[in-house]
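What follows is a single structure, written as structure tokens, with notes after it.
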Amino acid sequence: MNATDITIDDLPVRDELRGKSPYGAPQLDVPVRLNTNENPYPLPEPLVERIAERVREAARHLNRYPDRDAVELRTGLAEYLTKTGGHPVGPENVWAANGSNEVIQQLLQTFGGPGRTALGFEPSYSMHALIARGTGTAWVSGPRGEDFTLDPAAAGKAIAEHRPDVVFVTTPNNPTGTAVPAETVLALYEAAQAAGPAMVVVDEAYVEFSHGASLLPLLEGRPNLVVSRTMSKAFGAAGLRLGYLAAHPAVVDAVQLVRLPYHLSAVTQATALAALEHTDTLLKYVEQLKGERDRLVAALRTLGYDVTESDANFVQFGTFADSHVVWRKILDRGVLVRDNGVPGRLRVTAGTPAENDAFLDAVGELVSYVGATPTPPKEQSA
Ligand SMILES: Cc1ncc(COP(=O)(O)O)c(C=O)c1O
């Protein structure tokens with residue numbers, strides 16, 4: 001065989017990876033990109049300066065491995081959580097990694113794996129299922145209501161039936177924006193302990209944009225509960241790749257069994273510490289984005305779209321007979337939104353006021369596509 005003809009199918013890859021597609025939100029060069037739930041505001045200049053200072057200092061020591069346990073960073077993250085999360089958290093409760101994706105991967109390597117099962121309520125963040133697959137963990141899709149909320153009875157029944165080792169609860173949920181009330185998470189935790197015991201991972205990637213409070217206080221007395229967070233959204237630092245979790249110290253000990261040594265570079269740690277020094281400024285952008293999110297919800301409804309209640313920095317809207325056709329038409333107008341594969345729906349991230357105006361102008365021209373019965377999608381990816 002000619003070397004240039006060799007494809008992935010010719011390699012001895014694991015059976016469960018054969019024929020599968022990688023995560024791939026399109027990264028297209030268009031004027032308005034509202035498709036990956038990023039924060040549209042660049043970091044403020046004083047923070048950029050502070051990052052440069054901290055990274056310059058870190059560079060002087062790059063001949064050495066970084067602090068393997070990232071103690072200073074975990075202390076800073078614990079202070080942030082304590083200040084904003086309504087629950088005292090110490091560095092022993094916090095673990096950090098390269099994006100919350102790596103946190104989730106470490107959790108699945110520790111508590112999932114071959115012969116074990118993870119369950120999430122779909123549509124939800126597609127990487128939960130993809131990372132499960134990558135770690136050899138079986139994946140089960142649990143139910144959501146027509147309005148995308150979680151019914152504790154139906155969700156609890158799925159847990160009792162499948163007896164998963166790891167349960168994901170994403171709140172606010174991506175791509176729907178739906179928040180999950182604390183009582184529901186408590187009911188699911190009880191169901192997971194009765195059927196398992198299982199770890200329950202509450203993915204709070206978007207919680208800073210929520211109308212309600214963080215579920216951090218639920219950690220009290222619940223060693224099998226984990227709250228995962230990220231600096232990619234509210235902190236406006238998706239390029240940094242910094243995610244973290246809060247949990248019982250035993251969970252922090254457990255993930256250290258699978259983490260690569262020195263997984264978090266000294267440059268990453270220095271940058272994240274600089275960002276934490278500017279939390280107050282960064283959270284002001286969050287307030288602005290919440291206002292823009294609410295404006296998008298109201299304007300889309302006025303135009304006649306069906307809009308899912310959102311507690312995040314994005315909005316799910318529809319319904320369309322073929323959402324991909326509408327996705328393309330919005331793109332033709334210079335605005336990139338996301339087709340997550342949810343039948344008849346699309347998702348738009350709240351951008352700057354000007355970006356949101358461009359989006360609203362585009363969808364204002366497409367109202368004739370609204371209201372049709374959606375057809376099922378090919379593949380889901382949030
Ligand atoms: C629900 C949810 N969790 C986690 C992540 C991963 O974020 P990161 O790896 O950038 O921290 C995302 C990213 O979009 C998300 O939507």
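Residues are referred to by chain and number: the chain letter is A, B, ... according to the order shown in the structure tokens, the number counts from 1 in that chain, and ligands are numbered separately from 1 in the order shown.
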
Mind dumping a table of every range 37-146 of chain A residue within 10 Å of range 330-343 of chain A, with the nearest atom pair and its distance in Å to one decimal, using only C-alpha atoms, sorted by chain and rising number, as CSV?
residue,atom,partner,partner_atom,distance
A:Asn37,CA,A:Arg338,CA,9.4
A:Glu122,CA,A:Val342,CA,9.4
A:Pro123,CA,A:Val342,CA,6.9
A:Ser124,CA,A:Asn340,CA,9.4
A:Tyr125,CA,A:Asn340,CA,9.4
A:Ser126,CA,A:Asn340,CA,8.9

Practice item. Just the residues within 7 Å of range 171-187 of chain A, please, counting only C-alpha atoms, with nothing from its chain fewer than 3 positions along; format it as JSON, numbers by chain. Key: {"A": [124, 125, 148, 149, 150, 152, 190, 191, 202, 203, 204, 206, 207, 210, 215, 308, 309, 310, 311, 312, 314, 315, 316, 347, 382]}

What residues have any atom no more than 6 Å from ligand 1 when counting only C-alpha atoms and all ligand atoms, and can you list them as a PDB file with all heavy atoms, in the first residue's frame?
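Writing the result to selection.pdb gives the following:
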ATOM      1  N   GLY A  99      -7.905  22.796  31.593  1.00  0.00           N
ATOM      2  CA  GLY A  99      -9.306  22.873  31.186  1.00  0.00           C
ATOM      3  C   GLY A  99     -10.133  21.897  31.999  1.00  0.00           C
ATOM      4  O   GLY A  99      -9.604  20.903  32.527  1.00  0.00           O
ATOM      5  N   SER A 100     -11.441  22.195  32.106  1.00  0.00           N
ATOM      6  CA  SER A 100     -12.256  21.240  32.863  1.00  0.00           C
ATOM      7  C   SER A 100     -12.382  19.938  32.085  1.00  0.00           C
ATOM      8  O   SER A 100     -12.716  18.905  32.649  1.00  0.00           O
ATOM      9  CB  SER A 100     -13.609  21.823  33.258  1.00  0.00           C
ATOM     10  OG  SER A 100     -14.235  22.411  32.176  1.00  0.00           O
ATOM     11  N   ASN A 101     -12.090  19.974  30.783  1.00  0.00           N
ATOM     12  CA  ASN A 101     -12.056  18.705  30.039  1.00  0.00           C
ATOM     13  C   ASN A 101     -11.044  17.736  30.660  1.00  0.00           C
ATOM     14  O   ASN A 101     -11.305  16.542  30.768  1.00  0.00           O
ATOM     15  CB  ASN A 101     -11.660  18.957  28.577  1.00  0.00           C
ATOM     16  CG  ASN A 101     -12.817  19.484  27.761  1.00  0.00           C
ATOM     17  OD1 ASN A 101     -13.970  19.218  28.062  1.00  0.00           O
ATOM     18  ND2 ASN A 101     -12.511  20.252  26.742  1.00  0.00           N
ATOM     19  N   TYR A 125     -23.386  18.384  27.367  1.00  0.00           N
ATOM     20  CA  TYR A 125     -22.047  18.649  26.847  1.00  0.00           C
ATOM     21  C   TYR A 125     -21.468  17.361  26.253  1.00  0.00           C
ATOM     22  O   TYR A 125     -21.246  16.389  26.989  1.00  0.00           O
ATOM     23  CB  TYR A 125     -21.174  19.182  27.976  1.00  0.00           C
ATOM     24  CG  TYR A 125     -19.769  19.525  27.564  1.00  0.00           C
ATOM     25  CD1 TYR A 125     -19.513  20.259  26.415  1.00  0.00           C
ATOM     26  CD2 TYR A 125     -18.697  19.118  28.339  1.00  0.00           C
ATOM     27  CE1 TYR A 125     -18.218  20.572  26.039  1.00  0.00           C
ATOM     28  CE2 TYR A 125     -17.394  19.445  27.981  1.00  0.00           C
ATOM     29  CZ  TYR A 125     -17.165  20.158  26.819  1.00  0.00           C
ATOM     30  OH  TYR A 125     -15.893  20.465  26.451  1.00  0.00           O
ATOM     31  N   THR A 170     -25.054  18.635  34.433  1.00  0.00           N
ATOM     32  CA  THR A 170     -24.492  19.901  33.957  1.00  0.00           C
ATOM     33  C   THR A 170     -25.487  21.018  34.243  1.00  0.00           C
ATOM     34  O   THR A 170     -26.627  20.969  33.770  1.00  0.00           O
ATOM     35  CB  THR A 170     -24.213  19.811  32.440  1.00  0.00           C
ATOM     36  OG1 THR A 170     -23.449  18.633  32.202  1.00  0.00           O
ATOM     37  CG2 THR A 170     -23.457  21.032  31.953  1.00  0.00           C
ATOM     38  N   ASN A 174     -25.310  22.757  28.944  1.00  0.00           N
ATOM     39  CA  ASN A 174     -24.939  23.087  27.582  1.00  0.00           C
ATOM     40  C   ASN A 174     -25.417  21.935  26.698  1.00  0.00           C
ATOM     41  O   ASN A 174     -25.109  20.785  27.013  1.00  0.00           O
ATOM     42  CB  ASN A 174     -23.406  23.202  27.518  1.00  0.00           C
ATOM     43  CG  ASN A 174     -22.894  23.446  26.122  1.00  0.00           C
ATOM     44  OD1 ASN A 174     -23.634  23.840  25.235  1.00  0.00           O
ATOM     45  ND2 ASN A 174     -21.603  23.208  25.923  1.00  0.00           N
ATOM     46  N   ASP A 203     -21.258  19.671  36.714  1.00  0.00           N
ATOM     47  CA  ASP A 203     -20.431  20.492  35.824  1.00  0.00           C
ATOM     48  C   ASP A 203     -20.997  21.914  35.835  1.00  0.00           C
ATOM     49  O   ASP A 203     -22.039  22.189  35.244  1.00  0.00           O
ATOM     50  CB  ASP A 203     -20.454  19.881  34.420  1.00  0.00           C
ATOM     51  CG  ASP A 203     -19.505  20.598  33.460  1.00  0.00           C
ATOM     52  OD1 ASP A 203     -19.187  21.781  33.703  1.00  0.00           O
ATOM     53  OD2 ASP A 203     -19.094  19.977  32.462  1.00  0.00           O
ATOM     54  N   ALA A 205     -19.602  24.700  34.571  1.00  0.00           N
ATOM     55  CA  ALA A 205     -18.753  25.528  33.697  1.00  0.00           C
ATOM     56  C   ALA A 205     -19.324  26.936  33.497  1.00  0.00           C
ATOM     57  O   ALA A 205     -18.580  27.894  33.318  1.00  0.00           O
ATOM     58  CB  ALA A 205     -18.575  24.836  32.340  1.00  0.00           C
ATOM     59  N   THR A 230     -14.461  26.098  35.409  1.00  0.00           N
ATOM     60  CA  THR A 230     -13.471  26.450  34.397  1.00  0.00           C
ATOM     61  C   THR A 230     -13.198  27.951  34.389  1.00  0.00           C
ATOM     62  O   THR A 230     -14.063  28.742  34.776  1.00  0.00           O
ATOM     63  CB  THR A 230     -13.957  26.006  32.993  1.00  0.00           C
ATOM     64  OG1 THR A 230     -12.963  26.354  32.034  1.00  0.00           O
ATOM     65  CG2 THR A 230     -15.270  26.670  32.597  1.00  0.00           C
ATOM     66  N   SER A 232     -12.521  29.154  31.430  1.00  0.00           N
ATOM     67  CA  SER A 232     -12.713  29.392  29.993  1.00  0.00           C
ATOM     68  C   SER A 232     -13.879  30.317  29.685  1.00  0.00           C
ATOM     69  O   SER A 232     -13.936  30.876  28.598  1.00  0.00           O
ATOM     70  CB  SER A 232     -12.978  28.065  29.270  1.00  0.00           C
ATOM     71  OG  SER A 232     -11.872  27.216  29.358  1.00  0.00           O
ATOM     72  N   ALA A 238     -10.412  31.204  27.748  1.00  0.00           N
ATOM     73  CA  ALA A 238     -10.514  29.881  27.112  1.00  0.00           C
ATOM     74  C   ALA A 238      -9.147  29.421  26.580  1.00  0.00           C
ATOM     75  O   ALA A 238      -8.833  28.233  26.585  1.00  0.00           O
ATOM     76  CB  ALA A 238     -11.539  29.910  25.983  1.00  0.00           C
ATOM     77  N   ARG A 241      -6.582  27.407  29.139  1.00  0.00           N
ATOM     78  CA  ARG A 241      -6.823  25.999  29.459  1.00  0.00           C
ATOM     79  C   ARG A 241      -6.640  25.749  30.958  1.00  0.00           C
ATOM     80  O   ARG A 241      -5.644  25.172  31.404  1.00  0.00           O
ATOM     81  CB  ARG A 241      -5.902  25.046  28.655  1.00  0.00           C
ATOM     82  CG  ARG A 241      -5.887  25.270  27.157  1.00  0.00           C
ATOM     83  CD  ARG A 241      -7.279  25.267  26.542  1.00  0.00           C
ATOM     84  NE  ARG A 241      -7.991  24.015  26.750  1.00  0.00           N
ATOM     85  CZ  ARG A 241      -9.219  23.949  27.281  1.00  0.00           C
ATOM     86  NH1 ARG A 241      -9.881  25.036  27.642  1.00  0.00           N
ATOM     87  NH2 ARG A 241      -9.803  22.793  27.434  1.00  0.00           N
ATOM     88  N   LEU A 242      -7.573  26.239  31.729  1.00  0.00           N
ATOM     89  CA  LEU A 242      -7.511  26.012  33.174  1.00  0.00           C
ATOM     90  C   LEU A 242      -8.902  25.660  33.695  1.00  0.00           C
ATOM     91  O   LEU A 242      -9.825  26.475  33.629  1.00  0.00           O
ATOM     92  CB  LEU A 242      -6.969  27.270  33.875  1.00  0.00           C
ATOM     93  CG  LEU A 242      -6.408  27.116  35.300  1.00  0.00           C
ATOM     94  CD1 LEU A 242      -7.474  26.883  36.364  1.00  0.00           C
ATOM     95  CD2 LEU A 242      -5.354  25.997  35.389  1.00  0.00           C
ATOM     96  N   GLY A 243      -9.024  24.428  34.156  1.00  0.00           N
ATOM     97  CA  GLY A 243     -10.262  23.983  34.789  1.00  0.00           C
ATOM     98  C   GLY A 243      -9.937  23.496  36.183  1.00  0.00           C
ATOM     99  O   GLY A 243      -8.763  23.250  36.499  1.00  0.00           O
TER     100      GLY A 243
END

DSSP helix (DSSP H, G or I) selection over range 95-283 of chain A, as an mmCIF file with C-alpha atoms, in the first residue's frame:
data_model
loop_
_atom_site.group_PDB
_atom_site.id
_atom_site.type_symbol
_atom_site.label_atom_id
_atom_site.label_comp_id
_atom_site.auth_asym_id
_atom_site.auth_seq_id
_atom_site.Cartn_x
_atom_site.Cartn_y
_atom_site.Cartn_z
ATOM 1 C CA GLY A 99 -9.306 22.873 31.186
ATOM 2 C CA SER A 100 -12.256 21.240 32.863
ATOM 3 C CA ASN A 101 -12.056 18.705 30.039
ATOM 4 C CA GLU A 102 -8.887 17.362 31.663
ATOM 5 C CA VAL A 103 -10.552 17.468 35.081
ATOM 6 C CA ILE A 104 -13.377 15.350 33.636
ATOM 7 C CA GLN A 105 -10.878 13.020 32.010
ATOM 8 C CA GLN A 106 -9.044 12.530 35.307
ATOM 9 C CA LEU A 107 -12.362 11.874 37.073
ATOM 10 C CA LEU A 108 -13.330 9.253 34.486
ATOM 11 C CA GLN A 109 -9.858 7.670 34.614
ATOM 12 C CA THR A 110 -10.241 7.431 38.383
ATOM 13 C CA PHE A 111 -13.886 6.466 38.816
ATOM 14 C CA SER A 126 -20.892 16.122 24.251
ATOM 15 C CA MET A 127 -17.392 15.797 25.729
ATOM 16 C CA HIS A 128 -18.736 13.917 28.746
ATOM 17 C CA ALA A 129 -19.638 11.012 26.440
ATOM 18 C CA LEU A 130 -16.512 11.438 24.297
ATOM 19 C CA ILE A 131 -14.163 11.422 27.281
ATOM 20 C CA ALA A 132 -16.038 8.396 28.636
ATOM 21 C CA ARG A 133 -15.315 6.651 25.352
ATOM 22 C CA GLY A 134 -11.655 7.721 25.441
ATOM 23 C CA PRO A 152 -36.007 13.830 39.350
ATOM 24 C CA ALA A 153 -38.231 10.732 39.177
ATOM 25 C CA ALA A 154 -37.362 9.844 35.563
ATOM 26 C CA ALA A 155 -33.684 10.689 36.069
ATOM 27 C CA GLY A 156 -33.562 8.689 39.323
ATOM 28 C CA LYS A 157 -35.175 5.743 37.555
ATOM 29 C CA ALA A 158 -32.444 5.782 34.878
ATOM 30 C CA ILE A 159 -29.800 5.785 37.613
ATOM 31 C CA ALA A 160 -31.478 2.887 39.431
ATOM 32 C CA GLU A 161 -31.739 0.925 36.186
ATOM 33 C CA HIS A 162 -28.189 1.448 34.858
ATOM 34 C CA ALA A 182 -30.399 21.892 44.125
ATOM 35 C CA GLU A 183 -33.272 19.580 45.207
ATOM 36 C CA THR A 184 -32.991 17.671 41.924
ATOM 37 C CA VAL A 185 -29.227 17.248 42.309
ATOM 38 C CA LEU A 186 -29.790 16.024 45.862
ATOM 39 C CA ALA A 187 -32.371 13.492 44.669
ATOM 40 C CA LEU A 188 -29.969 12.266 41.976
ATOM 41 C CA TYR A 189 -27.137 12.033 44.489
ATOM 42 C CA GLU A 190 -29.311 9.878 46.751
ATOM 43 C CA ALA A 191 -30.357 7.695 43.803
ATOM 44 C CA ALA A 192 -26.707 7.333 42.725
ATOM 45 C CA GLN A 193 -25.626 6.301 46.235
ATOM 46 C CA ALA A 194 -28.485 3.810 46.562
ATOM 47 C CA ALA A 195 -27.711 2.234 43.176
ATOM 48 C CA VAL A 207 -22.462 28.922 36.792
ATOM 49 C CA GLU A 208 -21.202 32.522 37.010
ATOM 50 C CA PHE A 209 -23.832 33.456 34.376
ATOM 51 C CA LEU A 216 -20.935 24.168 46.140
ATOM 52 C CA PRO A 217 -22.764 24.092 49.524
ATOM 53 C CA LEU A 218 -24.031 20.603 48.603
ATOM 54 C CA LEU A 219 -20.456 19.326 49.027
ATOM 55 C CA PRO A 249 -9.998 16.034 49.957
ATOM 56 C CA ALA A 250 -10.196 12.277 49.357
ATOM 57 C CA VAL A 251 -11.339 12.981 45.776
ATOM 58 C CA VAL A 252 -8.339 15.272 45.298
ATOM 59 C CA ASP A 253 -6.105 12.442 46.562
ATOM 60 C CA ALA A 254 -7.841 9.981 44.216
ATOM 61 C CA VAL A 255 -7.354 11.987 40.990
ATOM 62 C CA ALA A 266 4.504 26.791 35.306
ATOM 63 C CA VAL A 267 3.317 29.214 32.588
ATOM 64 C CA THR A 268 -0.293 28.069 33.013
ATOM 65 C CA GLN A 269 -0.091 28.355 36.791
ATOM 66 C CA ALA A 270 1.429 31.851 36.591
ATOM 67 C CA THR A 271 -1.210 33.035 34.105
ATOM 68 C CA ALA A 272 -4.110 31.652 36.111
ATOM 69 C CA LEU A 273 -2.781 33.293 39.287
ATOM 70 C CA ALA A 274 -2.631 36.634 37.470
ATOM 71 C CA ALA A 275 -6.237 36.182 36.288
ATOM 72 C CA LEU A 276 -7.364 35.457 39.856
ATOM 73 C CA GLU A 277 -5.877 38.795 40.947
ATOM 74 C CA THR A 279 -11.446 38.532 39.434
ATOM 75 C CA ASP A 280 -13.516 41.613 40.285
ATOM 76 C CA THR A 281 -12.913 43.242 36.891
ATOM 77 C CA LEU A 282 -13.566 40.007 35.020
ATOM 78 C CA LEU A 283 -16.828 39.398 36.853
#

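Across the structure, CA of Ala234 in chain A and CA of Met199 in chain A are spaced 25.8 Å apart.
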
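When the distance limit is 7 Å and only C-alpha atoms are what count, the residues near range 304-306 of chain A, minus those fewer than 5 positions from it on the same chain, are Phe317, Gly318, Thr319 and Val370 of chain A.
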
Generate the output file for the selected residues, C-alpha atoms, as a PDB file, in the first residue's frame.
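This is the output file again_25.pdb:
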ATOM      1  CA  PHE A 317     -33.589  28.776  19.934  1.00  0.00           C
ATOM      2  CA  GLY A 318     -35.805  27.225  17.223  1.00  0.00           C
ATOM      3  CA  THR A 319     -37.742  25.411  16.120  1.00  0.00           C
ATOM      4  CA  VAL A 370     -39.681  29.132  12.455  1.00  0.00           C
TER       5      VAL A 370
END

**Study point:** range 77-307 of chain A: residues DSSP assigns to strand (DSSP E), reported as a ChimeraX atom specification
**Key:** /A:94-97,117-121,138-142,166-170,199-203,225-230,243-247,306-307

**Study point:** For Leu81 in chain A: contacts at 10 Å, only C-alpha atoms, fewer than 6 positions along chain excluded, given as a ChimeraX atom specification
**Key:** /A:75,87-90,94,214,216,229,246

Would you save the residues of that selection, restricted to all heavy atoms, as a PDB file, in the first residue's frame?
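Produced file part16.pdb, reproduced below:
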ATOM      1  N   THR A  75      -4.791  27.340  46.151  1.00  0.00           N
ATOM      2  CA  THR A  75      -5.178  28.223  47.256  1.00  0.00           C
ATOM      3  C   THR A  75      -5.959  29.421  46.708  1.00  0.00           C
ATOM      4  O   THR A  75      -7.006  29.812  47.260  1.00  0.00           O
ATOM      5  CB  THR A  75      -3.911  28.706  48.011  1.00  0.00           C
ATOM      6  OG1 THR A  75      -3.187  27.539  48.425  1.00  0.00           O
ATOM      7  CG2 THR A  75      -4.261  29.568  49.207  1.00  0.00           C
ATOM      8  N   HIS A  87     -19.779  28.778  50.150  1.00  0.00           N
ATOM      9  CA  HIS A  87     -19.343  27.590  50.905  1.00  0.00           C
ATOM     10  C   HIS A  87     -17.834  27.683  51.106  1.00  0.00           C
ATOM     11  O   HIS A  87     -17.105  27.921  50.135  1.00  0.00           O
ATOM     12  CB  HIS A  87     -19.696  26.342  50.096  1.00  0.00           C
ATOM     13  CG  HIS A  87     -19.320  25.063  50.777  1.00  0.00           C
ATOM     14  ND1 HIS A  87     -19.888  24.650  51.953  1.00  0.00           N
ATOM     15  CD2 HIS A  87     -18.424  24.108  50.428  1.00  0.00           C
ATOM     16  CE1 HIS A  87     -19.368  23.494  52.303  1.00  0.00           C
ATOM     17  NE2 HIS A  87     -18.482  23.144  51.399  1.00  0.00           N
ATOM     18  N   PRO A  88     -17.354  27.503  52.342  1.00  0.00           N
ATOM     19  CA  PRO A  88     -15.914  27.586  52.552  1.00  0.00           C
ATOM     20  C   PRO A  88     -15.176  26.403  51.912  1.00  0.00           C
ATOM     21  O   PRO A  88     -15.551  25.257  52.117  1.00  0.00           O
ATOM     22  CB  PRO A  88     -15.770  27.559  54.080  1.00  0.00           C
ATOM     23  CG  PRO A  88     -17.027  26.948  54.578  1.00  0.00           C
ATOM     24  CD  PRO A  88     -18.098  27.208  53.575  1.00  0.00           C
ATOM     25  N   VAL A  89     -14.151  26.747  51.141  1.00  0.00           N
ATOM     26  CA  VAL A  89     -13.377  25.727  50.424  1.00  0.00           C
ATOM     27  C   VAL A  89     -11.902  26.016  50.666  1.00  0.00           C
ATOM     28  O   VAL A  89     -11.468  27.168  50.605  1.00  0.00           O
ATOM     29  CB  VAL A  89     -13.688  25.828  48.906  1.00  0.00           C
ATOM     30  CG1 VAL A  89     -12.765  24.939  48.101  1.00  0.00           C
ATOM     31  CG2 VAL A  89     -15.138  25.457  48.628  1.00  0.00           C
ATOM     32  N   GLY A  90     -11.110  24.984  50.952  1.00  0.00           N
ATOM     33  CA  GLY A  90      -9.666  25.152  51.133  1.00  0.00           C
ATOM     34  C   GLY A  90      -8.912  24.506  49.983  1.00  0.00           C
ATOM     35  O   GLY A  90      -9.506  23.778  49.174  1.00  0.00           O
ATOM     36  N   VAL A  94      -9.525  21.445  46.421  1.00  0.00           N
ATOM     37  CA  VAL A  94      -9.488  21.912  45.029  1.00  0.00           C
ATOM     38  C   VAL A  94      -8.402  21.181  44.252  1.00  0.00           C
ATOM     39  O   VAL A  94      -7.311  20.933  44.769  1.00  0.00           O
ATOM     40  CB  VAL A  94      -9.223  23.444  45.000  1.00  0.00           C
ATOM     41  CG1 VAL A  94      -9.033  23.938  43.570  1.00  0.00           C
ATOM     42  CG2 VAL A  94     -10.368  24.187  45.673  1.00  0.00           C
ATOM     43  N   SER A 214     -24.426  28.839  43.119  1.00  0.00           N
ATOM     44  CA  SER A 214     -23.632  27.641  42.887  1.00  0.00           C
ATOM     45  C   SER A 214     -24.118  26.513  43.804  1.00  0.00           C
ATOM     46  O   SER A 214     -24.677  26.757  44.875  1.00  0.00           O
ATOM     47  CB  SER A 214     -22.170  27.954  43.214  1.00  0.00           C
ATOM     48  OG  SER A 214     -21.432  26.759  43.328  1.00  0.00           O
ATOM     49  N   LEU A 216     -22.058  24.509  45.253  1.00  0.00           N
ATOM     50  CA  LEU A 216     -20.935  24.168  46.140  1.00  0.00           C
ATOM     51  C   LEU A 216     -21.370  23.782  47.553  1.00  0.00           C
ATOM     52  O   LEU A 216     -20.793  22.858  48.143  1.00  0.00           O
ATOM     53  CB  LEU A 216     -19.954  25.334  46.222  1.00  0.00           C
ATOM     54  CG  LEU A 216     -18.922  25.485  45.105  1.00  0.00           C
ATOM     55  CD1 LEU A 216     -18.173  26.789  45.278  1.00  0.00           C
ATOM     56  CD2 LEU A 216     -17.960  24.306  45.100  1.00  0.00           C
ATOM     57  N   ARG A 229     -15.416  23.265  37.494  1.00  0.00           N
ATOM     58  CA  ARG A 229     -15.470  24.667  37.071  1.00  0.00           C
ATOM     59  C   ARG A 229     -14.414  24.918  36.003  1.00  0.00           C
ATOM     60  O   ARG A 229     -13.524  24.105  35.788  1.00  0.00           O
ATOM     61  CB  ARG A 229     -15.163  25.587  38.268  1.00  0.00           C
ATOM     62  CG  ARG A 229     -16.205  25.565  39.381  1.00  0.00           C
ATOM     63  CD  ARG A 229     -17.425  26.359  38.963  1.00  0.00           C
ATOM     64  NE  ARG A 229     -18.241  26.703  40.111  1.00  0.00           N
ATOM     65  CZ  ARG A 229     -18.206  27.882  40.749  1.00  0.00           C
ATOM     66  NH1 ARG A 229     -17.347  28.823  40.372  1.00  0.00           N
ATOM     67  NH2 ARG A 229     -19.007  28.116  41.766  1.00  0.00           N
ATOM     68  N   ALA A 246     -13.927  21.182  42.858  1.00  0.00           N
ATOM     69  CA  ALA A 246     -14.012  21.247  44.319  1.00  0.00           C
ATOM     70  C   ALA A 246     -14.704  19.981  44.797  1.00  0.00           C
ATOM     71  O   ALA A 246     -15.692  19.548  44.190  1.00  0.00           O
ATOM     72  CB  ALA A 246     -14.789  22.485  44.754  1.00  0.00           C
TER      73      ALA A 246
END

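Restricting the calculation to only C-alpha atoms, the smallest distance between Arg68 in chain A and any of A:Ala299, A:Leu264, A:Leu366, A:Ile8 is found for A:Leu264.
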
**Study point:** Spatial neighbours of His248 in chain A, 8 Å, only C-alpha atoms, chain gap at least 4 places, as a ChimeraX atom specification
**Key:** /A:92-93,219,222-226,252

**Study point:** Selected residue, from A:Val48, A:Ala97, A:Val30, A:Val367, that lies nearest to Pro261 in chain A when counting only C-alpha atoms
**Key:** A:Ala97

**Study point:** 6 Å contact set for Gly113 in chain A, only C-alpha atoms, chain neighbours under 3 positions out, as a PyMOL selection string
**Key:** chain A and resi 109+116+135-137
